[in-house]
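Okay, so here's the structure we're looking at.
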Amino acid sequence: MSAFSALKIQPPQLHGLNSKKFAEKSPSCLKTISNPFLGSIQRIPNLRRRRGVSDLPRAASPSTIVAISELVKEKTSKSAASGLLITREEGLELYEDMILGRSFEDMCAQMYYRGKMFGFVHLYNGQEAVSTGFIKLLTQSDSVVSTYRDHVHSLSKGVSARSVMSELFGKTTGCCRGQGGSMHMFSKEHNVLGGFAFIGEGIPVATGAAFSSKYRREVLKEECDDVTLAFFGDGTCNNGQFFECLNMAALWKLPIVFVVENNLWAIGMSHLRATSDPEIWKKGPAFGMPGIHVDGMDVLKVREVAKEAIGRARRGEGPTLVECETYRFRGHSLADPDELRDPAEKAHYAARDPIMALKKYIIENNLANESELKVIEKKIDEIVEEAVEFADKSPLPPRSQLLENVFADPKGFGIGPDGRYRCEDPGFTEGTAQV
Amino acid sequence: MATVQGLATTMTTLPETFFSSPSSRSIQFPAVVAGRRHHVAQSQRRITVVGLRSDGGVSFSNQGAGHRGLHLIPTAVASTAEASASSATAKPGHELLLFEALREGLEEEMDRDPLVCVMGEDVGHYGGSYKVTKGLANKFGDLRVLDTPIAENSFTGMGIGAAMTGLRPIVEGMNMGFLLLAFNQISNNCGMLHYTSGGQFTIPIVIRGPGGVGRQLGAEHSQRLESYFQSVPGLQMVACSTSYNAKGLMKAAIRSENPVILFEHVLLYNLKERIPDEEYICCLEEAEMVRPGEHITILTYSRMRYHVMQAAKTLVNKGYDPEVIDIRSLKPFDLYTIGNSVKKTHRVLIVEECMRTGGIGASLRAAIMENFWDYLDTPIECLSSQDVPTPYAGTLEDWTVVQPPQIVAAVEKLCCM
């Protein structure tokens, strides 16, 4: 049995969780820190402290967050030599991605209130660190599975802002031809496997994608080390599909990472009111995989944990459960008045805005200066504006599109009374056929 | 009177109670295979069965008490059916039981395409609860014939995710009823993902398993899920009823790019039939003409096909000439074959095992009315199972399901209108 342990990377206090301990092993752990996942002594710098470039990580003070990553120790890149976690290029990439996510979502809100998009739209403001931290480590052939809060996951994975915005506007140029909408973002090209409206529904799909990867490697003997990331929230962690998939993934050592975006609220249901044991990371070891808790408002910490988890999956060591403590700055959806959450709680997390934190880190560590970051922000503004224009100008789906994608093989509509397949009916391509 | 071979075998088999061994309580092996039988009086349900067991033994059982009724000569009807058979009778072929035919089809497809894989409970080492996947795990390995934990919703979703990323999985529900737990995945993801992704992802999955009313299996193991799934857009549903079409539909379903649900029936697994040696597939969207006739169109599928053919013997003796069509494709309906028949006979009787409310028969009735109203001389009659949870007691169970005497009575009523 492979060694596993749970590690909690303790963020600053909130809601009464233990603030004293910082590296806590679950009682069920078989081995100690020599576990390859959790074996390093490297520390992630506390972003709130000023650090010079030449500072090397030192022994932690009690409030320092302890991160374990053996891979970080082995890094030979410039950033390791300098003691930083990211290079300048990486920093700018992360910053750009988070700004894109934030600007895009803000624009969505505007467009929604202007009547350009309808239905349920769930925005990701505040959680950008999780998406950027994880997805920017993936290759194109790796897969991402998300929930209804999927715009930013798609953008991080590489789907263009234009096609996401068009999809939201319900235009035929959208990534799903306007047929999916906000909650069903798919991209074959970038391996975004959805976009699911029911929570928990995507986790088995992600497990299947990971199974495919393992199948290709072991049965088809292809060189395949594709990893799948499954993103879902705290509410989902009380759902059966979550547990069933944790079991199967650990059983077959599937190359998957289960990323819990614990933003403490499932619409209006507080995580603490819904969950008998609110520490979700603990549920990993129960199934035989490491469970990690990380500060999801800090993209660098998320990225370090993600590297390890994704690395594990790629090496065939199996799944990991990562709980990211994060927060959504807006309501559950644009229809949610968000009256239930305590303003003090919102203010606390607003102060931990991941974009502000990264900006500070970049500037303080001289990876870039303010004006360079402004250039990026401007560039993103333009991209998002252009996306809106493109979506506005795009055509609405014509009637002929109605029946086209119901079946991959349209013979599935059957044989009509005249003996011909219904899809051969000229009305079919017009969308007016009787099926 | 030897056991009739070929497609005609299908007509001499399966009275409503044909397990000769009361020990077959488990859901695994019905003991009795095809056998000849004597038809007894319509009021008498019990019959004498000569059974060829799946383990090679022969068993006799006289479950009947009381008087005998009409004695029919099956060959008279058999010859008509043989004429309508597909190429099965043209070549010598080989004899297979239905579950073996399913396995053969599955194995051939797995040999042909390495992306085809199976997942389900007990499909691997155990060989499948009805032995459809027996021996395949040894041949193809544990990953291609995957034993899953008991988590239908999740492993069906896993199959869908695998299908989206290029594999061609076959998900087995140990009993179709268990797939109720997978309804979320089947409805939302299996049926809809191709559409909501704008056509980007195909889901070439096959979901199969045994369903239908068995031999006192109790309410939950006796469900007919075809009525629940028929409204899900994007799914195709087919029901097999003979070794020939079981293998053909299995192969066609695997090769199809659409998600297909293949309904098998618990009581039909031991049907024996001679099927061709050469490769063949059945069209997923077509219905099967079982017995051409002139007076009335009887539409049926799965196990009820055998009740209908049993009733057909009585009807022929009484001078009726029913046309029996096994619709096979439950969704979509083959309106061409059905329509041609309606245009010829002008009377329609639907015999199904589904529940009365919202069943396949209900949809079929509506579809026929909509398309062939002008050709009907009588209202469409639909015989379905009662809207009753299938009772355990054998007598009650028999009364929930349509029996041949009811079919005969319905035909007589329609033909006299």
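In the structure tokens, the first chain shown is A, the next is B, and so on; residue numbers restart at 1 for each chain, and ligands run from 1 in the order shown.
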
| request: Considering only C-alpha atoms, extract the chain B residues located within 8 Å of chain A and return them as an NGL selection string. | output: :B and (114 or 143-144 or 148-149 or 151 or 153-167 or 184-185 or 192 or 194-202 or 233-236 or 256-258 or 285-286 or 331-337 or 339 or 371)

| query | Can you list, as an MDAnalysis selection string, every protein, DNA or RNA residue that comes within 12 Å of Arg303 in chain B when you count only C-alpha atoms, leaving out same-chain residues fewer than 5 positions away? | reply | chainID B and resid 10:11 13:16 210:214 224 239:242 263:269 271 308:310 326:328 351:354 401:404

Would you export the selected residues with N, CA, C and O atoms as a short mmCIF file (atom, residue, chain, number, x, y, z; two decimals), in the first residue's frame, please?
```cif
data_model
loop_
_atom_site.label_atom_id
_atom_site.label_comp_id
_atom_site.auth_asym_id
_atom_site.auth_seq_id
_atom_site.Cartn_x
_atom_site.Cartn_y
_atom_site.Cartn_z
N THR B 10 -37.36 -19.89 -31.84
CA THR B 10 -37.83 -18.84 -30.97
C THR B 10 -39.30 -18.99 -30.67
O THR B 10 -39.79 -18.52 -29.67
N MET B 11 -40.00 -19.64 -31.54
CA MET B 11 -41.42 -19.72 -31.29
C MET B 11 -41.81 -20.88 -30.42
O MET B 11 -42.87 -20.88 -29.84
N THR B 13 -40.29 -21.77 -27.79
CA THR B 13 -39.66 -21.64 -26.47
C THR B 13 -40.47 -20.77 -25.55
O THR B 13 -41.40 -20.09 -25.95
N LEU B 14 -40.06 -20.83 -24.36
CA LEU B 14 -40.48 -19.84 -23.38
C LEU B 14 -41.96 -19.64 -23.16
O LEU B 14 -42.53 -18.65 -23.55
N PRO B 15 -42.53 -20.58 -22.53
CA PRO B 15 -43.84 -20.25 -21.95
C PRO B 15 -43.60 -19.30 -20.79
O PRO B 15 -42.47 -19.02 -20.45
N GLU B 16 -44.69 -18.87 -20.22
CA GLU B 16 -44.48 -17.89 -19.17
C GLU B 16 -43.75 -18.46 -17.97
O GLU B 16 -43.10 -17.77 -17.23
N PRO B 210 -29.45 -6.86 -18.17
CA PRO B 210 -30.70 -7.59 -18.18
C PRO B 210 -31.78 -6.86 -17.40
O PRO B 210 -31.54 -6.32 -16.33
N GLY B 211 -32.95 -6.84 -17.97
CA GLY B 211 -34.06 -6.23 -17.26
C GLY B 211 -35.29 -7.09 -17.42
O GLY B 211 -35.20 -8.26 -17.76
N GLY B 212 -36.41 -6.51 -17.21
CA GLY B 212 -37.66 -7.22 -17.40
C GLY B 212 -38.05 -8.09 -16.23
O GLY B 212 -37.29 -8.29 -15.29
N VAL B 213 -39.25 -8.61 -16.33
CA VAL B 213 -39.80 -9.45 -15.26
C VAL B 213 -39.21 -10.84 -15.39
O VAL B 213 -39.31 -11.47 -16.43
N GLY B 214 -38.60 -11.30 -14.31
CA GLY B 214 -38.00 -12.62 -14.34
C GLY B 214 -38.89 -13.64 -13.68
O GLY B 214 -40.11 -13.59 -13.81
N ARG B 224 -38.61 -2.36 -15.79
CA ARG B 224 -38.46 -2.13 -17.23
C ARG B 224 -38.08 -0.68 -17.40
O ARG B 224 -38.93 0.21 -17.35
N ALA B 239 -33.71 -3.34 -28.10
CA ALA B 239 -33.97 -4.50 -27.24
C ALA B 239 -33.73 -5.75 -28.08
O ALA B 239 -34.30 -5.90 -29.15
N CYS B 240 -32.91 -6.65 -27.55
CA CYS B 240 -32.66 -7.87 -28.31
C CYS B 240 -33.59 -8.97 -27.84
O CYS B 240 -34.11 -8.93 -26.72
N SER B 241 -33.84 -9.93 -28.71
CA SER B 241 -34.76 -10.99 -28.33
C SER B 241 -34.34 -12.37 -28.82
O SER B 241 -34.88 -13.36 -28.35
N THR B 242 -33.41 -12.44 -29.73
CA THR B 242 -32.94 -13.75 -30.20
C THR B 242 -31.42 -13.73 -30.20
O THR B 242 -30.82 -12.66 -30.16
N PHE B 263 -31.18 -3.26 -24.24
CA PHE B 263 -31.97 -3.95 -23.22
C PHE B 263 -31.99 -5.44 -23.50
O PHE B 263 -32.42 -5.88 -24.56
N GLU B 264 -31.50 -6.19 -22.53
CA GLU B 264 -31.61 -7.64 -22.61
C GLU B 264 -32.67 -8.07 -21.60
O GLU B 264 -33.10 -7.25 -20.78
N HIS B 265 -33.08 -9.30 -21.68
CA HIS B 265 -34.11 -9.77 -20.76
C HIS B 265 -33.60 -10.95 -19.95
O HIS B 265 -32.99 -11.87 -20.51
N VAL B 266 -33.86 -10.91 -18.66
CA VAL B 266 -33.33 -11.96 -17.78
C VAL B 266 -33.73 -13.36 -18.21
O VAL B 266 -32.99 -14.32 -18.02
N LEU B 267 -34.91 -13.48 -18.79
CA LEU B 267 -35.39 -14.83 -19.10
C LEU B 267 -34.99 -15.30 -20.48
O LEU B 267 -35.29 -16.44 -20.85
N LEU B 268 -34.35 -14.47 -21.23
CA LEU B 268 -34.05 -14.87 -22.61
C LEU B 268 -32.62 -15.33 -22.81
O LEU B 268 -32.23 -15.71 -23.91
N TYR B 269 -31.82 -15.28 -21.77
CA TYR B 269 -30.40 -15.55 -21.96
C TYR B 269 -30.08 -16.95 -22.43
O TYR B 269 -29.04 -17.17 -23.04
N LEU B 271 -31.83 -18.80 -24.56
CA LEU B 271 -32.42 -19.17 -25.84
C LEU B 271 -31.34 -19.70 -26.75
O LEU B 271 -30.28 -19.11 -26.87
N VAL B 308 -46.23 -13.53 -27.73
CA VAL B 308 -47.02 -13.26 -28.94
C VAL B 308 -46.97 -14.45 -29.88
O VAL B 308 -48.00 -14.86 -30.44
N MET B 309 -45.80 -15.02 -30.03
CA MET B 309 -45.71 -16.14 -30.98
C MET B 309 -46.45 -17.36 -30.46
O MET B 309 -47.02 -18.13 -31.22
N GLN B 310 -46.48 -17.47 -29.17
CA GLN B 310 -47.28 -18.55 -28.58
C GLN B 310 -48.75 -18.33 -28.86
O GLN B 310 -49.48 -19.22 -29.25
N ASP B 326 -41.21 -7.60 -34.40
CA ASP B 326 -40.41 -7.29 -33.21
C ASP B 326 -39.79 -5.93 -33.48
O ASP B 326 -38.92 -5.80 -34.33
N ILE B 327 -40.24 -4.93 -32.75
CA ILE B 327 -39.81 -3.58 -33.12
C ILE B 327 -38.32 -3.32 -32.88
O ILE B 327 -37.73 -2.47 -33.51
N ARG B 328 -37.74 -4.08 -32.00
CA ARG B 328 -36.30 -4.04 -31.71
C ARG B 328 -35.77 -2.66 -31.34
O ARG B 328 -35.06 -2.48 -30.38
N VAL B 351 -48.03 -5.31 -27.89
CA VAL B 351 -47.88 -6.17 -26.71
C VAL B 351 -46.51 -5.90 -26.12
O VAL B 351 -45.49 -6.12 -26.77
N GLU B 352 -46.50 -5.42 -24.91
CA GLU B 352 -45.22 -5.06 -24.32
C GLU B 352 -45.20 -5.44 -22.85
O GLU B 352 -46.23 -5.69 -22.24
N GLU B 353 -43.98 -5.47 -22.31
CA GLU B 353 -43.84 -5.79 -20.90
C GLU B 353 -43.71 -4.54 -20.05
O GLU B 353 -43.70 -4.59 -18.83
N CYS B 354 -43.62 -3.41 -20.71
CA CYS B 354 -43.48 -2.14 -20.00
C CYS B 354 -44.75 -1.85 -19.21
O CYS B 354 -45.81 -2.39 -19.49
N VAL B 401 -48.13 -9.45 -15.83
CA VAL B 401 -47.52 -9.46 -17.16
C VAL B 401 -48.54 -9.98 -18.17
O VAL B 401 -49.42 -10.75 -17.83
N VAL B 402 -48.39 -9.55 -19.41
CA VAL B 402 -49.33 -9.98 -20.44
C VAL B 402 -49.10 -11.45 -20.77
O VAL B 402 -47.98 -11.87 -21.00
N GLN B 403 -50.18 -12.21 -20.78
CA GLN B 403 -50.09 -13.64 -21.07
C GLN B 403 -50.73 -13.95 -22.42
O GLN B 403 -51.60 -13.20 -22.87
N PRO B 404 -50.31 -15.02 -23.05
CA PRO B 404 -50.84 -15.34 -24.38
C PRO B 404 -52.37 -15.36 -24.49
O PRO B 404 -52.90 -14.87 -25.49
#
```

| message | Can you tell me, as a count of residues only, which residues in range 236-324 of chain B count as strand (DSSP E) by DSSP? | response | 26

| said: Give me, as a list in words, the residues of range 103-133 of chain A that a backbone DSSP run labels helix (DSSP H, G or I). | reply: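 Put together, the selection reads Ser103, Phe104, Glu105, Asp106, Met107, Cys108, Ala109, Gln110, Met111, Tyr112, Tyr113, Glu128, Ala129, Val130, Ser131, Thr132 and Gly133 of chain A.
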
Selection to disk with all heavy atoms, as a short mmCIF file (atom, residue, chain, number, x, y, z; two decimals), in the first residue's frame:
```
data_model
loop_
_atom_site.label_atom_id
_atom_site.label_comp_id
_atom_site.auth_asym_id
_atom_site.auth_seq_id
_atom_site.Cartn_x
_atom_site.Cartn_y
_atom_site.Cartn_z
N SER A 103 -11.23 40.26 -15.11
CA SER A 103 -11.86 41.22 -16.03
C SER A 103 -13.01 40.58 -16.78
O SER A 103 -14.05 41.20 -17.00
CB SER A 103 -10.86 41.73 -17.06
OG SER A 103 -9.75 42.25 -16.44
N PHE A 104 -12.78 39.34 -17.18
CA PHE A 104 -13.82 38.66 -17.94
C PHE A 104 -15.08 38.52 -17.10
O PHE A 104 -16.19 38.79 -17.56
CB PHE A 104 -13.31 37.28 -18.40
CG PHE A 104 -14.22 36.59 -19.35
CD1 PHE A 104 -14.06 36.74 -20.72
CD2 PHE A 104 -15.26 35.79 -18.89
CE1 PHE A 104 -14.91 36.11 -21.61
CE2 PHE A 104 -16.11 35.15 -19.78
CZ PHE A 104 -15.94 35.32 -21.14
N GLU A 105 -14.91 38.10 -15.89
CA GLU A 105 -16.08 37.89 -15.03
C GLU A 105 -16.78 39.22 -14.74
O GLU A 105 -18.00 39.32 -14.70
CB GLU A 105 -15.69 37.19 -13.73
CG GLU A 105 -15.10 35.79 -13.93
CD GLU A 105 -16.12 34.77 -14.43
OE1 GLU A 105 -16.54 34.88 -15.61
OE2 GLU A 105 -16.50 33.89 -13.65
N ASP A 106 -15.99 40.27 -14.53
CA ASP A 106 -16.62 41.57 -14.30
C ASP A 106 -17.42 42.00 -15.52
O ASP A 106 -18.51 42.57 -15.40
CB ASP A 106 -15.54 42.63 -13.97
CG ASP A 106 -15.03 42.49 -12.55
OD1 ASP A 106 -15.77 41.90 -11.71
OD2 ASP A 106 -13.92 42.96 -12.26
N MET A 107 -16.86 41.73 -16.67
CA MET A 107 -17.58 42.08 -17.89
C MET A 107 -18.85 41.25 -18.03
O MET A 107 -19.88 41.75 -18.50
CB MET A 107 -16.65 41.87 -19.11
CG MET A 107 -17.26 42.27 -20.43
SD MET A 107 -17.71 44.00 -20.53
CE MET A 107 -16.12 44.76 -20.84
N CYS A 108 -18.77 40.00 -17.64
CA CYS A 108 -19.98 39.16 -17.67
C CYS A 108 -21.09 39.76 -16.85
O CYS A 108 -22.25 39.79 -17.26
CB CYS A 108 -19.68 37.78 -17.07
SG CYS A 108 -18.89 36.66 -18.19
N ALA A 109 -20.72 40.26 -15.66
CA ALA A 109 -21.74 40.85 -14.80
C ALA A 109 -22.39 42.03 -15.50
O ALA A 109 -23.61 42.19 -15.53
CB ALA A 109 -21.11 41.28 -13.47
N GLN A 110 -21.54 42.88 -16.09
CA GLN A 110 -22.07 44.04 -16.82
C GLN A 110 -23.01 43.61 -17.93
O GLN A 110 -24.11 44.14 -18.08
CB GLN A 110 -20.91 44.78 -17.49
CG GLN A 110 -20.29 45.86 -16.67
CD GLN A 110 -19.41 46.71 -17.57
OE1 GLN A 110 -19.90 47.29 -18.54
NE2 GLN A 110 -18.14 46.76 -17.27
N MET A 111 -22.57 42.64 -18.69
CA MET A 111 -23.36 42.20 -19.84
C MET A 111 -24.67 41.57 -19.41
O MET A 111 -25.70 41.70 -20.07
CB MET A 111 -22.56 41.20 -20.69
CG MET A 111 -21.36 41.80 -21.38
SD MET A 111 -21.86 43.06 -22.56
CE MET A 111 -21.15 44.51 -21.83
N TYR A 112 -24.60 40.86 -18.29
CA TYR A 112 -25.82 40.23 -17.79
C TYR A 112 -26.85 41.27 -17.43
O TYR A 112 -28.03 41.18 -17.80
CB TYR A 112 -25.46 39.37 -16.58
CG TYR A 112 -26.57 38.50 -16.05
CD1 TYR A 112 -26.84 37.25 -16.61
CD2 TYR A 112 -27.36 38.91 -14.97
CE1 TYR A 112 -27.82 36.43 -16.11
CE2 TYR A 112 -28.36 38.10 -14.47
CZ TYR A 112 -28.59 36.86 -15.04
OH TYR A 112 -29.58 36.05 -14.54
N TYR A 113 -26.39 42.30 -16.73
CA TYR A 113 -27.34 43.33 -16.31
C TYR A 113 -27.79 44.19 -17.47
O TYR A 113 -28.80 44.89 -17.37
CB TYR A 113 -26.75 44.16 -15.16
CG TYR A 113 -26.55 43.33 -13.90
CD1 TYR A 113 -25.34 43.28 -13.26
CD2 TYR A 113 -27.60 42.56 -13.38
CE1 TYR A 113 -25.15 42.50 -12.13
CE2 TYR A 113 -27.43 41.77 -12.27
CZ TYR A 113 -26.21 41.75 -11.64
OH TYR A 113 -26.02 40.96 -10.52
N GLU A 128 -9.55 33.18 -8.49
CA GLU A 128 -8.64 33.04 -9.63
C GLU A 128 -7.36 32.27 -9.30
O GLU A 128 -6.78 31.64 -10.17
CB GLU A 128 -8.24 34.41 -10.18
CG GLU A 128 -9.35 35.23 -10.79
CD GLU A 128 -10.10 36.05 -9.78
OE1 GLU A 128 -9.75 35.97 -8.59
OE2 GLU A 128 -11.03 36.76 -10.16
N ALA A 129 -6.91 32.37 -8.07
CA ALA A 129 -5.64 31.71 -7.73
C ALA A 129 -5.71 30.21 -7.96
O ALA A 129 -4.73 29.58 -8.35
CB ALA A 129 -5.27 32.01 -6.29
N VAL A 130 -6.86 29.64 -7.74
CA VAL A 130 -6.97 28.18 -7.87
C VAL A 130 -6.89 27.79 -9.34
O VAL A 130 -6.12 26.91 -9.73
CB VAL A 130 -8.30 27.69 -7.26
CG1 VAL A 130 -8.41 26.19 -7.40
CG2 VAL A 130 -8.39 28.08 -5.80
N SER A 131 -7.66 28.49 -10.16
CA SER A 131 -7.66 28.16 -11.58
C SER A 131 -6.30 28.39 -12.19
O SER A 131 -5.72 27.53 -12.85
CB SER A 131 -8.72 29.02 -12.28
OG SER A 131 -8.69 28.80 -13.65
N THR A 132 -5.74 29.57 -11.94
CA THR A 132 -4.44 29.89 -12.51
C THR A 132 -3.37 28.99 -11.93
O THR A 132 -2.52 28.47 -12.66
CB THR A 132 -4.11 31.36 -12.23
OG1 THR A 132 -5.13 32.17 -12.81
CG2 THR A 132 -2.77 31.74 -12.81
N GLY A 133 -3.40 28.82 -10.64
CA GLY A 133 -2.37 28.04 -9.97
C GLY A 133 -2.28 26.62 -10.50
O GLY A 133 -1.21 26.06 -10.69
#
```

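Comparing B:Gly361, B:Glu108, B:Glu152, B:Trp373 by their smallest distance to Glu279 in chain B, the closest is B:Glu108 (using only C-alpha atoms).
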
Can you tell me which residues surround Val411 in chain B at a distance of at most 8 Å, considering only C-alpha atoms, apart from same-chain residues fewer than 3 positions away, and format the answer as an mmCIF file with C-alpha atoms, in the first residue's frame?
```cif
data_model
loop_
_atom_site.group_PDB
_atom_site.id
_atom_site.type_symbol
_atom_site.label_atom_id
_atom_site.label_comp_id
_atom_site.auth_asym_id
_atom_site.auth_seq_id
_atom_site.Cartn_x
_atom_site.Cartn_y
_atom_site.Cartn_z
ATOM 1 C CA ILE B 296 -53.555 -7.735 -37.815
ATOM 2 C CA LEU B 349 -52.064 -4.564 -31.326
ATOM 3 C CA ILE B 407 -53.206 -11.586 -26.592
ATOM 4 C CA VAL B 408 -55.491 -14.043 -28.290
ATOM 5 C CA LEU B 414 -59.895 -6.319 -32.874
ATOM 6 C CA CYS B 415 -60.521 -8.603 -35.768
#
```

| field | Length of the CA of Ala253 in chain B to CA of Thr297 in chain B vector [Å] | value |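 Distance between the two atoms: 27.2 Å.
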
| task | Using only C-alpha atoms, determine which residues lie at most 8 Å from Gly120 in chain B, disregarding the query and same-chain residues fewer than 6 positions distant; provide the list as a ChimeraX atom specification. | result | /B:146-148,155,171-174

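Taking CA of Leu138 in chain A and CA of Gly170 in chain A as endpoints, the distance between them is 28.6 Å.
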
| task | For range 388-391 of chain B, work out the shell of residues within 7 Å, counting only C-alpha atoms and skipping chain neighbours fewer than 6 positions away, then give it as a ChimeraX atom specification. | result | /B:218-219,222,397,400

| request: Grab the CA of Ser270 in chain A to CA of Asp338 in chain A distance for me, in Å with one decimal place. | output: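 Computed distance, CA of Ser270 in chain A to CA of Asp338 in chain A, equals 12.4 Å.
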